[in-house]
file input24.cif (mmCIF, C-alpha atoms and all ligand atoms)
data_target
#
loop_
_atom_site.label_atom_id
_atom_site.label_comp_id
_atom_site.auth_asym_id
_atom_site.auth_seq_id
_atom_site.Cartn_x
_atom_site.Cartn_y
_atom_site.Cartn_z
CA MET L 836 -22.21 26.83 19.16
CA THR L 837 -19.08 28.62 17.95
CA MET L 838 -17.56 27.68 14.63
CA PRO L 839 -15.04 24.81 15.09
CA TYR L 840 -12.71 26.48 12.56
CA VAL L 841 -9.74 24.71 11.05
CA ASP L 842 -7.60 26.06 8.21
CA ILE L 843 -8.72 23.75 5.42
CA SER L 844 -6.14 25.15 3.03
CA ASP L 845 -3.49 23.51 5.22
CA GLY L 846 -2.84 19.79 4.67
CA ARG L 847 -1.77 19.50 8.29
CA SER L 848 -5.39 20.09 9.37
CA PHE L 849 -6.12 16.64 7.95
CA THR L 850 -3.68 14.59 10.01
CA GLN L 851 -6.48 13.30 12.26
CA GLY L 852 -8.66 12.49 9.25
CA PHE L 853 -11.19 14.75 7.57
CA PRO L 854 -12.31 17.67 9.80
CA HIS L 855 -15.98 16.64 9.82
CA GLU L 856 -16.92 18.82 12.77
CA PHE L 857 -16.12 22.02 10.88
CA PHE L 858 -18.05 20.92 7.82
CA THR L 859 -21.06 19.77 9.82
CA TRP L 860 -21.14 23.29 11.28
CA LEU L 861 -20.80 24.86 7.82
CA ARG L 862 -23.63 22.76 6.33
CA GLU L 863 -25.84 23.91 9.16
CA HIS L 864 -24.85 27.57 9.56
CA ASP L 865 -22.94 28.85 6.53
CA PRO L 866 -23.34 26.67 3.41
CA LEU L 867 -21.52 29.21 1.25
CA TYR L 868 -18.60 30.19 3.43
CA TRP L 869 -15.80 32.60 2.47
CA HIS L 870 -12.44 31.22 3.61
CA GLU L 871 -9.94 34.01 4.08
CA PRO L 872 -6.40 33.38 2.85
CA THR L 873 -4.01 32.21 5.57
CA ASP L 874 -0.25 31.95 5.93
CA VAL L 875 -0.21 28.69 3.97
CA THR L 876 -2.68 29.47 1.16
CA PRO L 877 -0.14 29.19 -1.66
CA ASP L 878 -1.48 31.89 -3.95
CA GLY L 879 -2.62 34.18 -1.16
CA GLU L 880 -6.27 34.36 -2.24
CA GLY L 881 -9.42 33.50 -0.34
CA PHE L 882 -11.97 31.04 -1.68
CA TRP L 883 -15.59 30.00 -1.31
CA VAL L 884 -16.38 26.74 0.50
CA VAL L 885 -19.51 24.86 -0.59
CA SER L 886 -20.55 22.09 1.77
CA ARG L 887 -24.14 20.95 1.13
CA HIS L 888 -24.95 18.10 -1.27
CA ALA L 889 -27.48 20.09 -3.33
CA ASP L 890 -25.09 23.03 -3.78
CA VAL L 891 -22.12 20.80 -4.67
CA ASP L 892 -24.30 19.08 -7.25
CA THR L 893 -25.42 22.41 -8.74
CA ILE L 894 -21.83 23.55 -9.20
CA ILE L 895 -20.52 20.29 -10.68
CA MET L 896 -23.35 20.24 -13.18
CA ASP L 897 -22.76 23.82 -14.38
CA PRO L 898 -19.30 23.86 -15.98
CA LYS L 899 -20.11 27.02 -17.93
CA THR L 900 -20.46 29.06 -14.76
CA TYR L 901 -17.85 27.14 -12.79
CA SER L 902 -14.84 26.59 -14.99
CA SER L 903 -12.18 23.89 -14.55
CA ASP L 904 -9.77 25.57 -16.93
CA LYS L 905 -6.53 26.41 -15.08
CA ALA L 906 -8.41 25.56 -11.92
CA GLY L 907 -8.87 21.86 -11.43
CA GLY L 908 -5.47 21.31 -9.88
CA ARG L 909 -5.06 21.60 -6.18
CA THR L 910 -1.50 20.55 -5.44
CA ALA L 911 0.59 22.03 -2.70
CA GLY L 912 -2.03 23.00 -0.16
CA GLY L 913 -4.61 25.69 -0.49
CA THR L 914 -6.62 25.68 -3.64
CA THR L 915 -4.19 25.85 -6.50
CA ILE L 916 -1.02 27.46 -7.72
CA LYS L 917 -1.87 29.84 -10.53
CA ASP L 918 0.82 28.76 -12.92
CA GLU L 919 0.69 25.01 -12.33
CA ILE L 920 2.36 23.27 -15.26
CA SER L 921 -0.62 21.15 -16.18
CA ALA L 922 -3.09 24.08 -15.96
CA GLY L 923 -5.19 24.36 -19.08
CA ASN L 924 -3.91 21.16 -20.70
CA ALA L 925 -4.72 18.24 -18.38
CA MET L 926 -8.21 16.86 -18.83
CA ASN L 927 -9.40 17.77 -15.33
CA GLN L 928 -8.08 21.32 -15.78
CA THR L 929 -9.83 22.14 -19.03
CA ASP L 930 -13.35 23.01 -20.17
CA ASP L 931 -15.18 21.77 -23.24
CA PRO L 932 -14.49 21.63 -26.15
CA LEU L 933 -10.81 20.87 -25.35
CA HIS L 934 -11.83 18.70 -22.42
CA ARG L 935 -14.16 16.64 -24.63
CA ARG L 936 -11.43 16.15 -27.22
CA LEU L 937 -8.94 14.96 -24.61
CA ARG L 938 -11.43 12.69 -22.94
CA ALA L 939 -12.44 11.12 -26.26
CA THR L 940 -8.91 9.75 -26.65
CA VAL L 941 -9.22 7.65 -23.50
CA ASN L 942 -12.92 7.01 -22.87
CA GLU L 943 -13.01 3.69 -24.67
CA GLY L 944 -10.17 2.19 -22.67
CA PHE L 945 -11.92 2.91 -19.38
CA THR L 946 -15.42 1.56 -20.09
CA VAL L 947 -16.93 -1.03 -17.74
CA LYS L 948 -16.49 -3.65 -20.48
CA ALA L 949 -12.83 -2.85 -21.22
CA ILE L 950 -11.95 -2.71 -17.54
CA GLY L 951 -13.99 -5.86 -16.78
CA GLU L 952 -11.41 -7.86 -18.76
CA LEU L 953 -8.93 -7.18 -15.95
CA GLU L 954 -11.01 -8.86 -13.27
CA GLU L 955 -9.38 -12.30 -13.25
CA GLU L 956 -5.88 -10.84 -13.36
CA LEU L 957 -6.58 -8.51 -10.42
CA ARG L 958 -8.25 -11.32 -8.50
CA SER L 959 -5.28 -13.64 -8.81
CA ARG L 960 -2.89 -10.84 -7.85
CA THR L 961 -5.02 -10.04 -4.78
CA ARG L 962 -5.10 -13.73 -3.77
CA LYS L 963 -1.33 -13.92 -4.08
CA LEU L 964 -0.85 -10.86 -1.86
CA LEU L 965 -3.29 -12.14 0.75
CA GLY L 966 -1.73 -15.60 0.57
CA GLU L 967 1.52 -14.08 1.82
CA ILE L 968 -0.18 -13.08 5.11
CA SER L 969 -0.54 -15.72 7.85
CA SER L 970 -2.52 -15.85 11.05
CA GLY L 971 -0.62 -13.93 13.75
CA ASP L 972 1.14 -11.57 11.30
CA HIS L 973 1.27 -7.83 11.94
CA VAL L 974 1.16 -5.94 8.65
CA ASP L 975 0.68 -2.42 7.40
CA PHE L 976 -2.47 -2.99 5.36
CA ALA L 977 -2.14 0.41 3.66
CA MET L 978 1.23 -0.54 2.14
CA ARG L 979 0.90 -4.32 1.73
CA ILE L 980 -2.56 -4.49 0.14
CA ALA L 981 -4.25 -1.13 -0.38
CA ARG L 982 -1.39 0.47 -2.30
CA GLU L 983 -0.48 -2.64 -4.27
CA ILE L 984 -3.58 -3.47 -6.30
CA PRO L 985 -4.35 0.03 -7.65
CA THR L 986 -0.72 0.68 -8.63
CA GLN L 987 -0.41 -2.72 -10.29
CA ALA L 988 -3.71 -2.14 -12.11
CA ILE L 989 -2.79 1.30 -13.46
CA CYS L 990 0.55 -0.08 -14.71
CA ILE L 991 -1.31 -2.76 -16.68
CA VAL L 992 -3.85 -0.28 -18.07
CA LEU L 993 -1.35 2.40 -19.10
CA GLY L 994 1.45 0.06 -20.14
CA VAL L 995 3.94 1.22 -17.51
CA PRO L 996 6.72 -1.33 -16.81
CA GLU L 997 5.88 -2.90 -13.47
CA GLU L 998 9.45 -2.66 -12.23
CA ASP L 999 9.01 1.15 -12.15
CA ARG L 1000 5.85 0.90 -10.08
CA LEU L 1001 7.23 1.32 -6.57
CA MET L 1002 9.45 4.22 -7.59
CA LEU L 1003 6.45 6.03 -9.10
CA ALA L 1004 4.21 5.18 -6.13
CA ASP L 1005 6.88 6.54 -3.77
CA TRP L 1006 7.13 9.81 -5.70
CA ILE L 1007 3.35 10.17 -5.56
CA ASP L 1008 3.29 9.45 -1.82
CA ARG L 1009 6.15 11.88 -1.12
CA GLY L 1010 4.32 14.55 -3.14
CA ILE L 1011 1.16 13.96 -1.15
CA GLU L 1012 2.94 13.94 2.20
CA THR L 1013 4.83 17.15 1.52
CA GLN L 1014 1.80 19.14 0.36
CA SER L 1015 2.46 21.87 2.91
CA ASP L 1016 5.84 22.50 1.28
CA ALA L 1017 4.92 23.70 -2.21
CA VAL L 1018 8.47 23.55 -3.56
CA ILE L 1019 9.05 19.91 -2.63
CA ALA L 1020 5.55 18.83 -3.74
CA VAL L 1021 6.02 20.44 -7.15
CA GLU L 1022 9.42 18.75 -7.53
CA TYR L 1023 7.77 15.33 -7.14
CA SER L 1024 5.14 16.17 -9.72
CA ARG L 1025 7.97 17.23 -12.09
CA LYS L 1026 9.69 13.88 -11.54
CA ILE L 1027 6.49 12.10 -12.60
CA ARG L 1028 6.19 14.31 -15.68
CA ARG L 1029 9.83 13.66 -16.62
CA TYR L 1030 9.25 9.93 -16.29
CA GLY L 1031 6.16 10.42 -18.48
CA GLN L 1032 8.33 12.02 -21.18
CA GLY L 1033 10.52 8.89 -21.36
CA LEU L 1034 7.43 6.73 -21.64
CA ILE L 1035 6.01 8.97 -24.40
CA GLU L 1036 9.19 8.51 -26.42
CA ARG L 1037 9.14 4.73 -25.97
CA LYS L 1038 5.46 4.50 -26.96
CA ARG L 1039 6.05 6.74 -29.97
CA ALA L 1040 8.83 4.49 -31.18
CA GLN L 1041 7.03 1.26 -30.39
CA PRO L 1042 3.26 1.38 -29.93
CA VAL L 1043 1.80 -1.49 -27.92
CA ASP L 1044 -1.74 -2.46 -26.99
CA ASP L 1045 -2.19 -0.17 -23.98
CA ILE L 1046 -4.02 3.07 -23.25
CA PHE L 1047 -0.98 5.30 -23.10
CA SER L 1048 0.13 4.15 -26.59
CA THR L 1049 -3.37 4.96 -27.82
CA ILE L 1050 -3.16 8.46 -26.32
CA VAL L 1051 0.32 9.11 -27.75
CA HIS L 1052 -0.81 8.12 -31.27
CA ALA L 1053 -4.34 9.59 -31.13
CA ARG L 1054 -5.14 12.01 -33.95
CA PHE L 1055 -7.80 14.68 -33.64
CA GLU L 1056 -10.46 14.34 -36.31
CA THR L 1057 -10.58 18.09 -36.93
CA ASP L 1058 -6.99 18.65 -38.06
CA GLY L 1059 -5.22 15.27 -37.81
CA SER L 1060 -2.84 16.61 -35.16
CA THR L 1061 -1.55 14.55 -32.23
CA LEU L 1062 -1.17 15.74 -28.64
CA SER L 1063 1.93 17.80 -27.87
CA ASN L 1064 4.62 16.56 -25.50
CA ASN L 1065 3.42 18.99 -22.87
CA GLU L 1066 -0.19 17.75 -23.16
CA LEU L 1067 1.01 14.14 -23.05
CA ARG L 1068 3.11 14.75 -19.95
CA SER L 1069 0.06 16.30 -18.30
CA PHE L 1070 -2.02 13.28 -19.34
CA PHE L 1071 0.46 10.92 -17.71
CA GLY L 1072 0.82 13.20 -14.68
CA LEU L 1073 -2.95 12.99 -14.24
CA LEU L 1074 -3.69 9.36 -15.12
CA PHE L 1075 -0.99 7.54 -13.18
CA PRO L 1076 -1.49 9.34 -9.86
CA ALA L 1077 -5.29 9.38 -10.28
CA GLY L 1078 -5.21 5.61 -10.76
CA ALA L 1079 -2.72 4.96 -7.99
CA GLU L 1080 -3.56 7.26 -5.13
CA THR L 1081 -7.34 7.41 -4.84
CA THR L 1082 -8.47 3.78 -4.82
CA THR L 1083 -5.57 3.04 -2.47
CA ARG L 1084 -7.18 5.31 0.10
CA ALA L 1085 -10.66 3.93 -0.51
CA ILE L 1086 -9.37 0.39 0.14
CA SER L 1087 -7.58 1.24 3.38
CA GLY L 1088 -10.44 3.49 4.55
CA GLY L 1089 -12.96 0.75 3.72
CA MET L 1090 -10.91 -1.78 5.65
CA LEU L 1091 -10.78 0.53 8.67
CA ALA L 1092 -14.56 1.02 8.51
CA LEU L 1093 -15.10 -2.75 8.40
CA MET L 1094 -12.76 -3.35 11.33
CA GLU L 1095 -14.56 -0.67 13.32
CA ASN L 1096 -17.93 -2.21 12.39
CA PRO L 1097 -17.48 -5.97 12.85
CA ASN L 1098 -21.22 -6.46 12.27
CA ALA L 1099 -20.84 -5.04 8.76
CA TRP L 1100 -17.93 -7.43 8.09
CA GLN L 1101 -20.03 -10.40 9.28
CA ARG L 1102 -23.04 -9.23 7.30
CA LEU L 1103 -21.01 -9.03 4.09
CA LYS L 1104 -19.48 -12.41 4.77
CA SER L 1105 -22.85 -14.08 5.16
CA ASP L 1106 -24.43 -12.22 2.24
CA PRO L 1107 -21.87 -11.51 -0.52
CA SER L 1108 -24.67 -10.13 -2.71
CA LEU L 1109 -24.34 -6.95 -0.62
CA MET L 1110 -20.93 -6.24 -2.18
CA LYS L 1111 -22.38 -3.87 -4.77
CA THR L 1112 -23.96 -1.57 -2.18
CA ALA L 1113 -20.94 -2.04 0.10
CA VAL L 1114 -18.59 -0.72 -2.59
CA GLU L 1115 -20.74 2.40 -2.99
CA GLU L 1116 -20.82 2.87 0.78
CA ILE L 1117 -17.04 2.56 0.97
CA LEU L 1118 -16.79 5.24 -1.73
CA ARG L 1119 -19.20 7.52 0.14
CA TRP L 1120 -17.58 6.87 3.49
CA THR L 1121 -13.98 7.42 2.39
CA THR L 1122 -14.41 10.04 -0.41
CA PRO L 1123 -10.62 10.12 -0.93
CA SER L 1124 -10.72 12.93 -3.50
CA CYS L 1125 -12.48 15.18 -1.01
CA TYR L 1126 -12.80 18.54 -2.76
CA LYS L 1127 -12.46 20.25 -6.13
CA ARG L 1128 -11.94 23.80 -7.15
CA ARG L 1129 -13.51 25.81 -9.97
CA THR L 1130 -13.40 29.47 -11.01
CA ALA L 1131 -16.60 31.50 -11.44
CA THR L 1132 -16.94 32.81 -15.01
CA ARG L 1133 -19.64 35.36 -14.10
CA ASP L 1134 -21.27 36.92 -11.06
CA VAL L 1135 -23.73 34.47 -9.47
CA LYS L 1136 -26.14 34.80 -6.57
CA HIS L 1137 -26.01 31.85 -4.22
CA SER L 1138 -27.35 31.32 -0.69
CA GLY L 1139 -28.03 35.06 -0.41
CA LYS L 1140 -24.44 36.01 -1.31
CA THR L 1141 -22.72 36.99 -4.54
CA ILE L 1142 -19.94 34.92 -6.02
CA ARG L 1143 -17.99 37.32 -8.26
CA GLU L 1144 -16.52 36.48 -11.65
CA GLY L 1145 -12.99 35.17 -11.09
CA ASP L 1146 -13.65 33.98 -7.53
CA LYS L 1147 -12.37 30.57 -6.59
CA VAL L 1148 -15.07 28.15 -5.57
CA THR L 1149 -14.19 24.95 -3.74
CA PHE L 1150 -16.81 22.26 -3.32
CA TRP L 1151 -16.38 19.46 -0.87
CA GLU L 1152 -17.70 16.07 -1.95
CA MET L 1153 -16.79 14.59 1.43
CA SER L 1154 -19.03 17.10 3.15
CA ALA L 1155 -21.83 16.53 0.60
CA ASN L 1156 -21.54 12.80 1.35
CA ARG L 1157 -22.31 13.42 5.04
CA ASP L 1158 -25.27 15.73 4.41
CA ASP L 1159 -28.28 14.58 6.43
CA ARG L 1160 -30.57 16.35 3.96
CA VAL L 1161 -29.74 13.48 1.57
CA PHE L 1162 -28.44 10.57 3.64
CA ASN L 1163 -30.18 8.92 6.58
CA ASP L 1164 -27.86 8.77 9.53
CA PRO L 1165 -24.89 9.88 7.38
CA PHE L 1166 -22.24 9.11 10.00
CA SER L 1167 -23.18 5.44 10.16
CA PHE L 1168 -21.42 3.01 7.84
CA ASP L 1169 -24.16 0.90 6.24
CA VAL L 1170 -23.07 -1.72 3.72
CA ALA L 1171 -26.65 -2.09 2.51
CA ARG L 1172 -27.32 1.65 2.07
CA SER L 1173 -29.72 2.24 -0.81
CA PRO L 1174 -30.28 4.66 -2.39
CA ASN L 1175 -26.78 6.10 -2.09
CA LYS L 1176 -26.41 9.25 -4.13
CA HIS L 1177 -22.84 9.91 -3.12
CA LEU L 1178 -20.61 12.29 -5.07
CA ALA L 1179 -17.31 10.52 -4.36
CA LEU L 1180 -16.65 10.07 -8.09
CA GLY L 1181 -17.94 13.51 -9.06
CA ALA L 1182 -20.68 14.06 -11.65
CA GLY L 1183 -21.27 15.75 -14.99
CA ILE L 1184 -18.65 16.19 -17.69
CA HIS L 1185 -15.67 15.55 -15.40
CA PHE L 1186 -17.25 12.43 -13.84
CA CYS L 1187 -14.42 10.12 -12.84
CA LEU L 1188 -12.88 8.50 -15.88
CA GLY L 1189 -11.59 5.63 -13.74
CA SER L 1190 -14.91 4.86 -12.00
CA ALA L 1191 -15.21 1.36 -13.48
CA LEU L 1192 -11.64 0.55 -12.54
CA ALA L 1193 -12.03 1.91 -9.00
CA ARG L 1194 -15.26 -0.05 -8.47
CA LEU L 1195 -13.73 -3.25 -9.86
CA GLU L 1196 -10.66 -2.95 -7.64
CA LEU L 1197 -12.79 -2.39 -4.54
CA LYS L 1198 -15.08 -5.31 -5.37
CA VAL L 1199 -12.22 -7.72 -6.05
CA VAL L 1200 -10.14 -6.73 -3.02
CA PHE L 1201 -13.04 -6.92 -0.54
CA GLU L 1202 -14.45 -10.15 -2.01
CA GLU L 1203 -11.05 -11.78 -1.71
CA LEU L 1204 -10.50 -10.40 1.79
CA LEU L 1205 -13.77 -11.90 3.00
CA LYS L 1206 -12.84 -15.27 1.50
CA CYS L 1207 -9.19 -15.42 2.56
CA GLY L 1208 -9.78 -17.19 5.87
CA LEU L 1209 -8.43 -14.36 8.00
CA ASN L 1210 -9.97 -11.71 10.21
CA PHE L 1211 -8.18 -8.43 10.82
CA THR L 1212 -8.04 -6.13 13.83
CA LEU L 1213 -6.47 -2.73 14.28
CA ASP L 1214 -3.02 -3.13 15.77
CA GLY L 1215 -1.37 0.27 16.25
CA ASP L 1216 -1.81 3.94 15.49
CA LEU L 1217 -3.39 5.21 12.31
CA VAL L 1218 -1.37 7.65 10.23
CA TRP L 1219 -3.45 10.01 8.08
CA THR L 1220 -2.00 11.77 5.07
CA PRO L 1221 -1.18 15.45 5.77
CA ASN L 1222 -3.01 16.56 2.64
CA ASN L 1223 -6.27 18.44 2.09
CA ARG L 1224 -6.90 17.17 -1.42
CA LEU L 1225 -6.53 13.48 -0.85
CA VAL L 1226 -7.91 12.21 2.41
CA GLY L 1227 -6.79 8.86 3.63
CA LEU L 1228 -4.45 6.61 5.51
CA MET L 1229 -0.72 6.38 4.99
CA SER L 1230 -0.47 3.59 7.51
CA LEU L 1231 -3.06 1.09 8.75
CA PRO L 1232 -1.40 -1.42 11.12
CA VAL L 1233 -3.44 -4.61 11.42
CA LYS L 1234 -3.12 -8.02 12.97
CA ALA L 1235 -4.32 -11.07 11.06
CA LYS L 1236 -6.02 -13.97 12.81
CA ALA L 1237 -7.44 -17.18 11.40
CA ALA L 1238 -11.21 -16.68 10.88
C1 LIG J 1 -11.83 5.55 -5.33
C2 LIG J 1 -11.18 5.99 -6.39
C3 LIG J 1 -11.43 7.29 -7.11
C4 LIG J 1 -12.07 8.43 -6.69
C5 LIG J 1 -12.70 8.69 -5.32
C6 LIG J 1 -12.04 9.37 -7.79
C7 LIG J 1 -12.64 10.61 -7.77
C8 LIG J 1 -12.76 11.44 -8.86
C9 LIG J 1 -13.53 12.66 -8.90
C10 LIG J 1 -14.35 13.21 -7.75
C11 LIG J 1 -13.39 13.21 -10.13
C12 LIG J 1 -14.05 14.50 -10.65
C13 LIG J 1 -13.05 15.62 -10.85
C14 LIG J 1 -13.69 16.96 -11.12
O1 LIG J 1 -14.93 17.10 -11.02
O2 LIG J 1 -12.93 17.92 -11.39
C15 LIG J 1 -12.50 12.35 -10.87
C16 LIG J 1 -12.08 12.57 -12.15
C17 LIG J 1 -11.11 11.80 -12.76
N1 LIG J 1 -10.65 10.57 -12.35
FE1 LIG J 1 -11.10 9.64 -10.66
N2 LIG J 1 -11.36 8.79 -8.82
C18 LIG J 1 -10.99 7.53 -8.46
C19 LIG J 1 -10.30 6.61 -9.22
C20 LIG J 1 -9.76 6.88 -10.45
C21 LIG J 1 -8.98 5.96 -11.21
C22 LIG J 1 -8.67 4.51 -10.82
C23 LIG J 1 -8.59 6.60 -12.34
C24 LIG J 1 -7.79 5.96 -13.42
C25 LIG J 1 -7.08 6.52 -14.27
C26 LIG J 1 -9.17 7.96 -12.28
C27 LIG J 1 -9.01 8.95 -13.22
C28 LIG J 1 -9.71 10.15 -13.25
C29 LIG J 1 -9.55 11.15 -14.28
C30 LIG J 1 -8.61 11.08 -15.47
C31 LIG J 1 -10.45 12.19 -13.99
C32 LIG J 1 -10.68 13.49 -14.77
C33 LIG J 1 -11.87 13.30 -15.68
C34 LIG J 1 -12.25 14.56 -16.43
O3 LIG J 1 -11.79 15.66 -16.07
O4 LIG J 1 -13.02 14.43 -17.39
N3 LIG J 1 -9.87 8.08 -11.11
N4 LIG J 1 -12.16 11.27 -10.08
#
call {"tool": "encode", "arguments": {"input": "input24.cif", "output": "structure tokens", "more": "lines below"}}
Ligand code: HEM
result
Amino acid sequence: MTMPYVDISDGRSFTQGFPHEFFTWLREHDPLYWHEPTDVTPDGEGFWVVSRHADVDTIIMDPKTYSSDKAGGRTAGGTTIKDEISAGNAMNQTDDPLHRRLRATVNEGFTVKAIGELEEELRSRTRKLLGEISSGDHVDFAMRIAREIPTQAICIVLGVPEEDRLMLADWIDRGIETQSDAVIAVEYSRKIRRYGQGLIERKRAQPVDDIFSTIVHARFETDGSTLSNNELRSFFGLLFPAGAETTTRAISGGMLALMENPNAWQRLKSDPSLMKTAVEEILRWTTPSCYKRRTATRDVKHSGKTIREGDKVTFWEMSANRDDRVFNDPFSFDVARSPNKHLALGAGIHFCLGSALARLELKVVFEELLKCGLNFTLDGDLVWTPNNRLVGLMSLPVKAKAA
């Protein structure tokens, strides 16, 4: 079989969903693949592509060899732009000890316990949104439900005025949609950072009980200093989009999977205790944050090849999550799957800070959907985001019908 190559540095290769065929081939034939630079690779360099679960896990768990510093970002197609503004100062683009110091300022606010306090609020907001849909309605589920709850939740958590929510969500979406045009995509990320600066000034002047106030006023134990404006803008530019864009795609992708597998929907309805495993399966199945990028800090031998110091190494959690060396029948959506060692939320020191929030949002939204007295069917064409970093649906047209 010849390699079903697609240029994975080009967001437009993702407009039919994730290119699974190519990655299935890579897992089988070339688990450490060298991707040559193409016309759209923004910095003109090639990069390694790691596709098997065991290899992805090895790399995530070895941050000394595979550095995130100046490398975690992946905006604007390809793997990263060298001089990205947040490089080296946003938590996901730093190594320890700076990474640990940054993460310590926010960890407490994102624990399962702290996030659990939001459950009732999110539940009543979800009920309200679903209550506005009647039998016979045609709605874009991606916009009406999937985008709403995560953006509302991250506003509550960070203390962002809710009236600014749709403007911010639109900037994030435009940035994601225009990935193949680096200039436009960067302009949207600058808009978010500029908004962040205004918020920083307001929180400085008037601290409130929210996570962003805590970050703005946090003092490092070592020297009593606070974070600089640039570091704070990067914090906001990471936290708001991370909270808004990923779970959105997991919710719409989970809904699509349930509509395509009506037996799974019925099974969950009759046995709600399966929700815990269903949430993990939705995470595995959708893996919205589908790859990461590190830089090798030394020469390493891997799969019979040599990764040289300074080489870019991309690892693809979505591919790892379809690896039949780890998952039985990986292309079947199984709401009762157990064990489920997916890597959708990463692992190791950069393990997703928002994991408790993402899991809570998924649980609440799907529990309420199953109880709302409606069934949903696909009612139009899917629109996938033209982005290689964030896989998911921009539009999911559905029709509601009384259950
Ligand atoms: C389904 C939803 C989500 C998915 C699939 C997801 C996925 C991930 C993954 C794979 C990483 C690891 C990054 C790396 O190894 O470089 C990560 C890190 C991170 N996530 Fe999430 N995430 C989700 C939701 C959230 C939410 C709701 C927040 C809320 C703020 C969030 C904030 C972060 C942050 C700040 C990091 C960086 C942590 C660090 O570098 O220490 N994520 N996420």
call {"tool": "residues_near_point", "arguments": {"input": "input24.cif", "point": "(-9.0, 8.0, -27.4)", "cutoff": "12 Å", "atoms": "all atoms listed in the file", "output": "JSON, numbers by chain"}}
result
{"L": [935, 936, 937, 938, 939, 940, 941, 942, 943, 944, 945, 946, 1045, 1046, 1047, 1048, 1049, 1050, 1051, 1052, 1053, 1054, 1055, 1056, 1061, 1062, 1070]}
call {"tool": "write_last_selection", "arguments": {"input": "input24.cif", "atoms": "C-alpha atoms", "output": "PDB file, in the frame of the given file"}}
result
ATOM      1  CA  ARG L 935     -14.160  16.640 -24.630  1.00  0.00           C
ATOM      2  CA  ARG L 936     -11.430  16.150 -27.220  1.00  0.00           C
ATOM      3  CA  LEU L 937      -8.940  14.960 -24.610  1.00  0.00           C
ATOM      4  CA  ARG L 938     -11.430  12.690 -22.940  1.00  0.00           C
ATOM      5  CA  ALA L 939     -12.440  11.120 -26.260  1.00  0.00           C
ATOM      6  CA  THR L 940      -8.910   9.750 -26.650  1.00  0.00           C
ATOM      7  CA  VAL L 941      -9.220   7.650 -23.500  1.00  0.00           C
ATOM      8  CA  ASN L 942     -12.920   7.010 -22.870  1.00  0.00           C
ATOM      9  CA  GLU L 943     -13.010   3.690 -24.670  1.00  0.00           C
ATOM     10  CA  GLY L 944     -10.170   2.190 -22.670  1.00  0.00           C
ATOM     11  CA  PHE L 945     -11.920   2.910 -19.380  1.00  0.00           C
ATOM     12  CA  THR L 946     -15.420   1.560 -20.090  1.00  0.00           C
ATOM     13  CA  ASP L1045      -2.190  -0.170 -23.980  1.00  0.00           C
ATOM     14  CA  ILE L1046      -4.020   3.070 -23.250  1.00  0.00           C
ATOM     15  CA  PHE L1047      -0.980   5.300 -23.100  1.00  0.00           C
ATOM     16  CA  SER L1048       0.130   4.150 -26.590  1.00  0.00           C
ATOM     17  CA  THR L1049      -3.370   4.960 -27.820  1.00  0.00           C
ATOM     18  CA  ILE L1050      -3.160   8.460 -26.320  1.00  0.00           C
ATOM     19  CA  VAL L1051       0.320   9.110 -27.750  1.00  0.00           C
ATOM     20  CA  HIS L1052      -0.810   8.120 -31.270  1.00  0.00           C
ATOM     21  CA  ALA L1053      -4.340   9.590 -31.130  1.00  0.00           C
ATOM     22  CA  ARG L1054      -5.140  12.010 -33.950  1.00  0.00           C
ATOM     23  CA  PHE L1055      -7.800  14.680 -33.640  1.00  0.00           C
ATOM     24  CA  GLU L1056     -10.460  14.340 -36.310  1.00  0.00           C
ATOM     25  CA  THR L1061      -1.550  14.550 -32.230  1.00  0.00           C
ATOM     26  CA  LEU L1062      -1.170  15.740 -28.640  1.00  0.00           C
ATOM     27  CA  PHE L1070      -2.020  13.280 -19.340  1.00  0.00           C
TER      28      PHE L1070
END
call {"tool": "residues_around", "arguments": {"input": "input24.cif", "residues": "Ser1173 (chain L)", "least_positions_apart": "6", "cutoff": "12 Å", "atoms": "all atoms listed in the file", "output": "number ranges by chain"}}
result
L: 1109, 1111-1116, 1119, 1161-1163
call {"tool": "write_last_selection", "arguments": {"input": "input24.cif", "atoms": "C-alpha atoms", "output": "mmCIF file, in the coordinates of the input"}}
result
data_model
loop_
_atom_site.group_PDB
_atom_site.id
_atom_site.type_symbol
_atom_site.label_atom_id
_atom_site.label_comp_id
_atom_site.auth_asym_id
_atom_site.auth_seq_id
_atom_site.Cartn_x
_atom_site.Cartn_y
_atom_site.Cartn_z
ATOM 1 C CA LEU L 1109 -24.340 -6.950 -0.620
ATOM 2 C CA LYS L 1111 -22.380 -3.870 -4.770
ATOM 3 C CA THR L 1112 -23.960 -1.570 -2.180
ATOM 4 C CA ALA L 1113 -20.940 -2.040 0.100
ATOM 5 C CA VAL L 1114 -18.590 -0.720 -2.590
ATOM 6 C CA GLU L 1115 -20.740 2.400 -2.990
ATOM 7 C CA GLU L 1116 -20.820 2.870 0.780
ATOM 8 C CA ARG L 1119 -19.200 7.520 0.140
ATOM 9 C CA VAL L 1161 -29.740 13.480 1.570
ATOM 10 C CA PHE L 1162 -28.440 10.570 3.640
ATOM 11 C CA ASN L 1163 -30.180 8.920 6.580
#
call {"tool": "closest_residue", "arguments": {"input": "input24.cif", "among": "L:Arg982, L:Thr1057, L:Lys963, L:Lys1198", "to": "Leu933 (chain L)", "atoms": "all atoms listed in the file"}}
result
L:Thr1057
call {"tool": "closest_residue", "arguments": {"input": "input24.cif", "among": "L:Phe1201, L:Tyr1023, L:Phe1168, L:Tyr1030", "to": "Leu1103 (chain L)", "atoms": "only C-alpha atoms"}}
result
L:Phe1201
call {"tool": "residues_around", "arguments": {"input": "input24.cif", "residues": "His888 (chain L)", "least_positions_apart": "2", "cutoff": "8 Å", "atoms": "only C-alpha atoms", "output": "list in words"}}
result
Ser886, Asp890, Val891, Asp892, Glu1152, Ser1154, Ala1155, Asn1156, Asp1158, Arg1160 and Val1161 of chain L
